[in-house]
Amino acid sequence: MPELPEVEVVRRGLSRWTVGSTVRAADVLHPRPVRRHVAGPEDFAVRLVGARVREVARRGKFLWVVLDGVAAEDDLPGAERPGAEGAALVVHLGMSGQILFQPPDAAPERHLRVRLQLDGGPPERAGRELRFVDQRMFGGLTLAALVPTADALPAGIGTASAALPFPVAHIARDALDPHLDLADLVRRMRRRRTGVKRALLDQTLVSGVGNIYADEALWRARLHYDRQTGTISPAALRGLLGHVGDVMTEALAAGGTSFDALYVNVNGESGYFDRTLAAYGREGLPCPRCGTPIRREAFMNRSSYRCPRCQRPPRRPREVLRSSVA
DNA sequence: CCCGGATCCTGCTGGC
DNA sequence: TGCCAGCAGGATCCGG
């Protein structure tokens, strides 16, 4: 389940393998992963051929490959926006997406969806092809124009440009972005009339946080997932966001220590970092802080893990009281 | 505009 | 042994 740290590991691998290379051929084996490319799989493949990789950037869980020489850039989504310039291949891993580099004659993976043949680039990487493998196909690839952001700061990690791909333009700066405006984020979170975990998972407030790291940060902050954001002090919210950054930084370091930075195990065990998790996936196991068994609860059509002692439910879990009285 | 629930996908697991 | 419900969970869409 790729969240920010896993996606950043993939970004670094992609960058090392592809910067400077040119797409010789593109092959879409299943239409679904390119569904966001409204012009269709054929258009997607045709336009990529001849494109050259300039850099690989990331914001939250979105990756994009900045490309030179994409045919008919003026037709790409977002190209009509004022100041739009250039093109990018946008990659989202969804739940089960992987980027792999393989010899072209290697047996196709069971869930191989898209393959790109590359020419040039780093000499020691020559001859490999890029493969997008995705079992559940929640993720995908698309081509889009780069559009200006509201300010002149770099748009994301790995880019010096202030432009974002059109489909990424609504995504907030992520928890590890040095240009994240923490005070503004705290203000916006407190204005929301919703639970704190919902707010953490809202990619338009702060991006990159998924179910695992949300639960871990809430455990560290001793907060229940359903605490209304407006009832949490600014200092406590800053503390929570500090834990979000810490847990992701630690996870990224653990991913970086593994043998092959390109391999992210998204279907099986999380690998190195999962031994460090305090709450997520630990139903019935003792809380590392107080020993109380961790509880799993259904929340937002998924699971939340918390310590029932360290993370007490709010006194007024919802706003139901107010509306029913009124 | 804001909020929250439904939806899309496939494969695995566990209960009966 | 087979069948089916439940679960995994990203982003997006849509109704209130």
# chains A, B, ... in the order shown; residues from 1 in each chain; ligands from 1

call {"tool": "interface_residues", "arguments": {"of": "chain C", "to": "chain A", "cutoff": "10 Å", "atoms": "only C-alpha atoms (C1' of nucleotides)", "output": "PDB file with N, CA, C and O atoms (P, O5', C5', C4', C3', O3' and C1' of nucleotides), in the first residue's frame"}}
result
ATOM      1  P    DC C   7     -15.294  -6.977   6.815  1.00  0.00           P
ATOM      2  O5'  DC C   7     -13.809  -6.841   6.248  1.00  0.00           O
ATOM      3  C5'  DC C   7     -12.871  -7.880   6.470  1.00  0.00           C
ATOM      4  C4'  DC C   7     -11.685  -7.681   5.558  1.00  0.00           C
ATOM      5  C3'  DC C   7     -11.276  -6.213   5.391  1.00  0.00           C
ATOM      6  O3'  DC C   7      -9.966  -6.053   5.877  1.00  0.00           O
ATOM      7  C1'  DC C   7     -11.334  -7.356   3.299  1.00  0.00           C
ATOM      8  P    DA C   8      -9.477  -4.576   6.310  1.00  0.00           P
ATOM      9  O5'  DA C   8      -8.418  -4.254   5.174  1.00  0.00           O
ATOM     10  C5'  DA C   8      -7.343  -5.136   4.931  1.00  0.00           C
ATOM     11  C4'  DA C   8      -6.782  -4.873   3.566  1.00  0.00           C
ATOM     12  C3'  DA C   8      -6.797  -3.389   3.181  1.00  0.00           C
ATOM     13  O3'  DA C   8      -5.595  -2.762   3.620  1.00  0.00           O
ATOM     14  C1'  DA C   8      -7.443  -4.824   1.351  1.00  0.00           C
ATOM     15  P    DG C   9      -5.633  -1.402   4.366  1.00  0.00           P
ATOM     16  O5'  DG C   9      -5.968  -0.354   3.216  1.00  0.00           O
ATOM     17  C5'  DG C   9      -5.002  -0.058   2.227  1.00  0.00           C
ATOM     18  C4'  DG C   9      -5.649   0.760   1.140  1.00  0.00           C
ATOM     19  C3'  DG C   9      -6.349   2.045   1.643  1.00  0.00           C
ATOM     20  O3'  DG C   9      -5.920   3.147   0.873  1.00  0.00           O
ATOM     21  C1'  DG C   9      -7.732   0.874   0.199  1.00  0.00           C
ATOM     22  P    DG C  10      -4.586   3.962   1.385  1.00  0.00           P
ATOM     23  O5'  DG C  10      -3.957   4.464   0.020  1.00  0.00           O
ATOM     24  C5'  DG C  10      -4.255   5.718  -0.469  1.00  0.00           C
ATOM     25  C4'  DG C  10      -4.465   5.648  -1.970  1.00  0.00           C
ATOM     26  C3'  DG C  10      -5.293   6.814  -2.481  1.00  0.00           C
ATOM     27  O3'  DG C  10      -4.394   7.822  -2.899  1.00  0.00           O
ATOM     28  C1'  DG C  10      -6.200   4.772  -3.289  1.00  0.00           C
ATOM     29  P    DA C  11      -4.866   9.306  -2.831  1.00  0.00           P
ATOM     30  O5'  DA C  11      -5.951   9.389  -3.990  1.00  0.00           O
ATOM     31  C5'  DA C  11      -5.534   9.206  -5.332  1.00  0.00           C
ATOM     32  C4'  DA C  11      -6.734   9.228  -6.242  1.00  0.00           C
ATOM     33  C3'  DA C  11      -7.467  10.563  -6.303  1.00  0.00           C
ATOM     34  O3'  DA C  11      -7.675  10.888  -7.661  1.00  0.00           O
ATOM     35  C1'  DA C  11      -8.973   8.815  -5.702  1.00  0.00           C
TER      36       DA C  11
END

call {"tool": "interface_residues", "arguments": {"of": "chain B", "to": "chain A", "cutoff": "9 Å", "atoms": "only C-alpha atoms (C1' of nucleotides)", "output": "PyMOL selection string"}}
result
chain B and resi 2-5+8-11

call {"tool": "residues_around", "arguments": {"residues": "Leu176 in chain A", "least_positions_apart": "2", "cutoff": "10 Å", "atoms": "only C-alpha atoms (C1' of nucleotides)", "output": "VMD selection string"}}
result
chain A and resid 4 to 5 59 to 60 156 to 157 173 to 174 178 to 180 206 to 208 242 244 to 246 248 to 249

call {"tool": "select_by_dssp", "arguments": {"residues": "range 149-278 of chain A", "states": "alpha helix (DSSP H)", "output": "PyMOL selection string"}}
result
chain A and resi 182-191+196-201+211-221+234-256

call {"tool": "atom_distance", "arguments": {"atom1": "CA of Leu48 in chain A", "atom2": "CA of Ala150 in chain A"}}
result
28.3 Å

call {"tool": "residues_around", "arguments": {"residues": "DG14 in chain B", "least_positions_apart": "5", "cutoff": "12 Å", "atoms": "only C-alpha atoms (C1' of nucleotides)", "output": "mmCIF file with N, CA and C atoms (P, O5', C5', C4', C3', O3' and C1' of nucleotides), in the first residue's frame"}}
result
data_model
loop_
_atom_site.group_PDB
_atom_site.id
_atom_site.type_symbol
_atom_site.label_atom_id
_atom_site.label_comp_id
_atom_site.auth_asym_id
_atom_site.auth_seq_id
_atom_site.Cartn_x
_atom_site.Cartn_y
_atom_site.Cartn_z
ATOM 1 P P DC C 3 -18.505 -23.830 -7.125
ATOM 2 O "O5'" DC C 3 -19.210 -22.785 -6.169
ATOM 3 C "C5'" DC C 3 -20.339 -23.173 -5.395
ATOM 4 C "C4'" DC C 3 -20.586 -22.135 -4.333
ATOM 5 C "C3'" DC C 3 -20.412 -20.698 -4.827
ATOM 6 O "O3'" DC C 3 -21.589 -19.965 -4.556
ATOM 7 C "C1'" DC C 3 -19.205 -21.059 -2.811
ATOM 8 P P DC C 4 -21.860 -18.570 -5.300
ATOM 9 O "O5'" DC C 4 -21.916 -17.574 -4.078
ATOM 10 C "C5'" DC C 4 -22.431 -18.015 -2.826
ATOM 11 C "C4'" DC C 4 -21.859 -17.155 -1.718
ATOM 12 C "C3'" DC C 4 -21.657 -15.685 -2.115
ATOM 13 O "O3'" DC C 4 -22.102 -14.870 -1.051
ATOM 14 C "C1'" DC C 4 -19.661 -16.561 -1.245
ATOM 15 P P DA C 5 -22.460 -13.337 -1.314
ATOM 16 O "O5'" DA C 5 -22.040 -12.703 0.088
ATOM 17 C "C5'" DA C 5 -22.231 -13.456 1.277
ATOM 18 C "C4'" DA C 5 -21.213 -13.043 2.323
ATOM 19 C "C3'" DA C 5 -20.957 -11.542 2.399
ATOM 20 O "O3'" DA C 5 -20.851 -11.183 3.765
ATOM 21 C "C1'" DA C 5 -18.927 -12.656 1.916
ATOM 22 P P DG C 6 -20.711 -9.649 4.194
ATOM 23 O "O5'" DG C 6 -19.146 -9.527 4.446
ATOM 24 C "C5'" DG C 6 -18.504 -10.443 5.327
ATOM 25 C "C4'" DG C 6 -17.020 -10.153 5.370
ATOM 26 C "C3'" DG C 6 -16.665 -8.667 5.351
ATOM 27 O "O3'" DG C 6 -15.667 -8.459 6.332
ATOM 28 C "C1'" DG C 6 -15.510 -9.776 3.628
ATOM 29 P P DC C 7 -15.294 -6.977 6.815
ATOM 30 O "O5'" DC C 7 -13.809 -6.841 6.248
ATOM 31 C "C5'" DC C 7 -12.871 -7.880 6.470
ATOM 32 C "C4'" DC C 7 -11.685 -7.681 5.558
ATOM 33 C "C3'" DC C 7 -11.276 -6.213 5.391
ATOM 34 O "O3'" DC C 7 -9.966 -6.053 5.877
ATOM 35 C "C1'" DC C 7 -11.334 -7.356 3.299
#

call {"tool": "select_by_dssp", "arguments": {"residues": "range 21-222 of chain A", "states": "strand (DSSP E)", "output": "MDAnalysis selection string"}}
result
chainID A and resid 21:28 52:59 62:68 87:92 97:102 112:120 129:134 140:148 163:165

call {"tool": "residues_around", "arguments": {"residues": "range 221-225 of chain A", "least_positions_apart": "4", "cutoff": "8 Å", "atoms": "only C-alpha atoms (C1' of nucleotides)", "output": "list in words"}}
result
Gly195, Val196, Lys197, Arg198, Asp215, Ala217, Ala236, Gly239, Leu240, His243, Ser304, Arg306, Cys310, Gln311, Arg312, Pro313 and Pro314 of chain A

call {"tool": "write_last_selection", "arguments": {"atoms": "all heavy atoms", "output": "short mmCIF file (atom, residue, chain, number, x, y, z; two decimals), in the first residue's frame"}}
result
data_model
loop_
_atom_site.label_atom_id
_atom_site.label_comp_id
_atom_site.auth_asym_id
_atom_site.auth_seq_id
_atom_site.Cartn_x
_atom_site.Cartn_y
_atom_site.Cartn_z
N GLY A 195 -13.83 14.72 11.51
CA GLY A 195 -12.89 14.03 12.39
C GLY A 195 -11.45 14.19 11.90
O GLY A 195 -11.20 14.43 10.73
N VAL A 196 -10.52 14.03 12.85
CA VAL A 196 -9.13 14.35 12.55
C VAL A 196 -8.52 13.36 11.55
O VAL A 196 -7.70 13.74 10.72
CB VAL A 196 -8.30 14.44 13.85
CG1 VAL A 196 -8.28 13.10 14.60
CG2 VAL A 196 -6.89 14.91 13.56
N LYS A 197 -8.95 12.11 11.57
CA LYS A 197 -8.37 11.16 10.61
C LYS A 197 -8.85 11.46 9.20
O LYS A 197 -8.07 11.41 8.24
CB LYS A 197 -8.69 9.72 11.00
CG LYS A 197 -8.03 8.72 10.04
CD LYS A 197 -8.11 7.31 10.53
CE LYS A 197 -7.53 6.35 9.50
NZ LYS A 197 -7.59 4.96 9.95
N ARG A 198 -10.14 11.78 9.08
CA ARG A 198 -10.66 12.21 7.79
C ARG A 198 -9.85 13.37 7.23
O ARG A 198 -9.53 13.42 6.04
CB ARG A 198 -12.10 12.66 7.94
CG ARG A 198 -13.11 11.67 7.43
CD ARG A 198 -14.51 12.24 7.67
NE ARG A 198 -15.36 11.22 8.25
CZ ARG A 198 -15.92 10.25 7.55
NH1 ARG A 198 -15.70 10.16 6.27
NH2 ARG A 198 -16.66 9.34 8.14
N ASP A 215 -2.90 6.25 11.07
CA ASP A 215 -3.07 5.54 12.34
C ASP A 215 -1.83 5.66 13.22
O ASP A 215 -1.93 5.81 14.44
CB ASP A 215 -3.40 4.07 12.09
CG ASP A 215 -4.88 3.85 11.78
OD1 ASP A 215 -5.62 4.86 11.71
OD2 ASP A 215 -5.29 2.69 11.61
N ALA A 217 0.49 8.05 13.24
CA ALA A 217 0.66 9.41 13.76
C ALA A 217 -0.36 9.69 14.87
O ALA A 217 -0.04 10.31 15.89
CB ALA A 217 0.53 10.44 12.64
N ALA A 236 -1.63 21.10 19.64
CA ALA A 236 -1.77 19.65 19.52
C ALA A 236 -1.80 19.22 18.05
O ALA A 236 -1.27 18.17 17.69
CB ALA A 236 -3.04 19.20 20.23
N GLY A 239 1.62 19.25 16.82
CA GLY A 239 2.28 18.04 17.31
C GLY A 239 1.93 16.82 16.46
O GLY A 239 2.81 16.05 16.08
N LEU A 240 0.65 16.70 16.15
CA LEU A 240 0.21 15.58 15.30
C LEU A 240 0.93 15.61 13.95
O LEU A 240 1.42 14.59 13.48
CB LEU A 240 -1.31 15.65 15.11
CG LEU A 240 -1.89 14.69 14.08
CD1 LEU A 240 -1.71 13.24 14.52
CD2 LEU A 240 -3.37 14.99 13.84
N HIS A 243 4.34 14.40 14.13
CA HIS A 243 4.41 12.94 14.15
C HIS A 243 4.21 12.36 12.75
O HIS A 243 4.84 11.37 12.39
CB HIS A 243 3.35 12.37 15.10
CG HIS A 243 3.65 12.61 16.55
ND1 HIS A 243 4.84 12.23 17.13
CD2 HIS A 243 2.93 13.20 17.53
CE1 HIS A 243 4.83 12.57 18.41
NE2 HIS A 243 3.68 13.17 18.68
N SER A 304 -9.52 1.13 11.18
CA SER A 304 -8.68 1.99 12.00
C SER A 304 -8.17 1.19 13.17
O SER A 304 -8.92 0.43 13.78
CB SER A 304 -9.47 3.20 12.49
OG SER A 304 -9.39 4.26 11.58
N ARG A 306 -6.30 1.47 16.92
CA ARG A 306 -5.96 2.42 17.97
C ARG A 306 -5.80 1.68 19.28
O ARG A 306 -6.30 0.56 19.46
CB ARG A 306 -7.04 3.49 18.11
CG ARG A 306 -8.35 2.94 18.65
CD ARG A 306 -9.40 4.03 18.82
NE ARG A 306 -10.66 3.45 19.27
CZ ARG A 306 -11.10 3.47 20.53
NH1 ARG A 306 -10.36 4.02 21.48
NH2 ARG A 306 -12.25 2.91 20.86
N CYS A 310 -4.84 4.68 25.32
CA CYS A 310 -4.09 5.91 24.99
C CYS A 310 -4.91 6.84 24.11
O CYS A 310 -4.63 8.05 24.06
CB CYS A 310 -2.80 5.57 24.26
SG CYS A 310 -1.66 4.53 25.16
N GLN A 311 -5.86 6.29 23.37
CA GLN A 311 -6.60 7.09 22.39
C GLN A 311 -8.09 6.96 22.68
O GLN A 311 -8.81 6.23 21.99
CB GLN A 311 -6.28 6.61 20.96
CG GLN A 311 -4.81 6.72 20.59
CD GLN A 311 -4.49 5.94 19.32
OE1 GLN A 311 -4.15 4.76 19.36
NE2 GLN A 311 -4.64 6.59 18.17
N ARG A 312 -8.54 7.70 23.69
CA ARG A 312 -9.93 7.58 24.14
C ARG A 312 -10.88 8.26 23.15
O ARG A 312 -10.53 9.28 22.56
CB ARG A 312 -10.09 8.24 25.51
CG ARG A 312 -9.24 7.61 26.61
CD ARG A 312 -9.75 6.21 26.96
NE ARG A 312 -8.89 5.58 27.97
CZ ARG A 312 -9.07 5.70 29.29
NH1 ARG A 312 -10.05 6.45 29.75
NH2 ARG A 312 -8.27 5.08 30.14
N PRO A 313 -12.09 7.68 23.05
CA PRO A 313 -13.08 8.31 22.16
C PRO A 313 -13.46 9.70 22.67
O PRO A 313 -13.45 9.93 23.88
CB PRO A 313 -14.30 7.37 22.25
CG PRO A 313 -13.81 6.14 22.90
CD PRO A 313 -12.59 6.48 23.69
N PRO A 314 -13.80 10.60 21.77
CA PRO A 314 -14.23 11.93 22.19
C PRO A 314 -15.55 11.85 22.94
O PRO A 314 -16.35 10.93 22.71
CB PRO A 314 -14.37 12.70 20.88
CG PRO A 314 -14.55 11.65 19.83
CD PRO A 314 -13.80 10.46 20.30
#
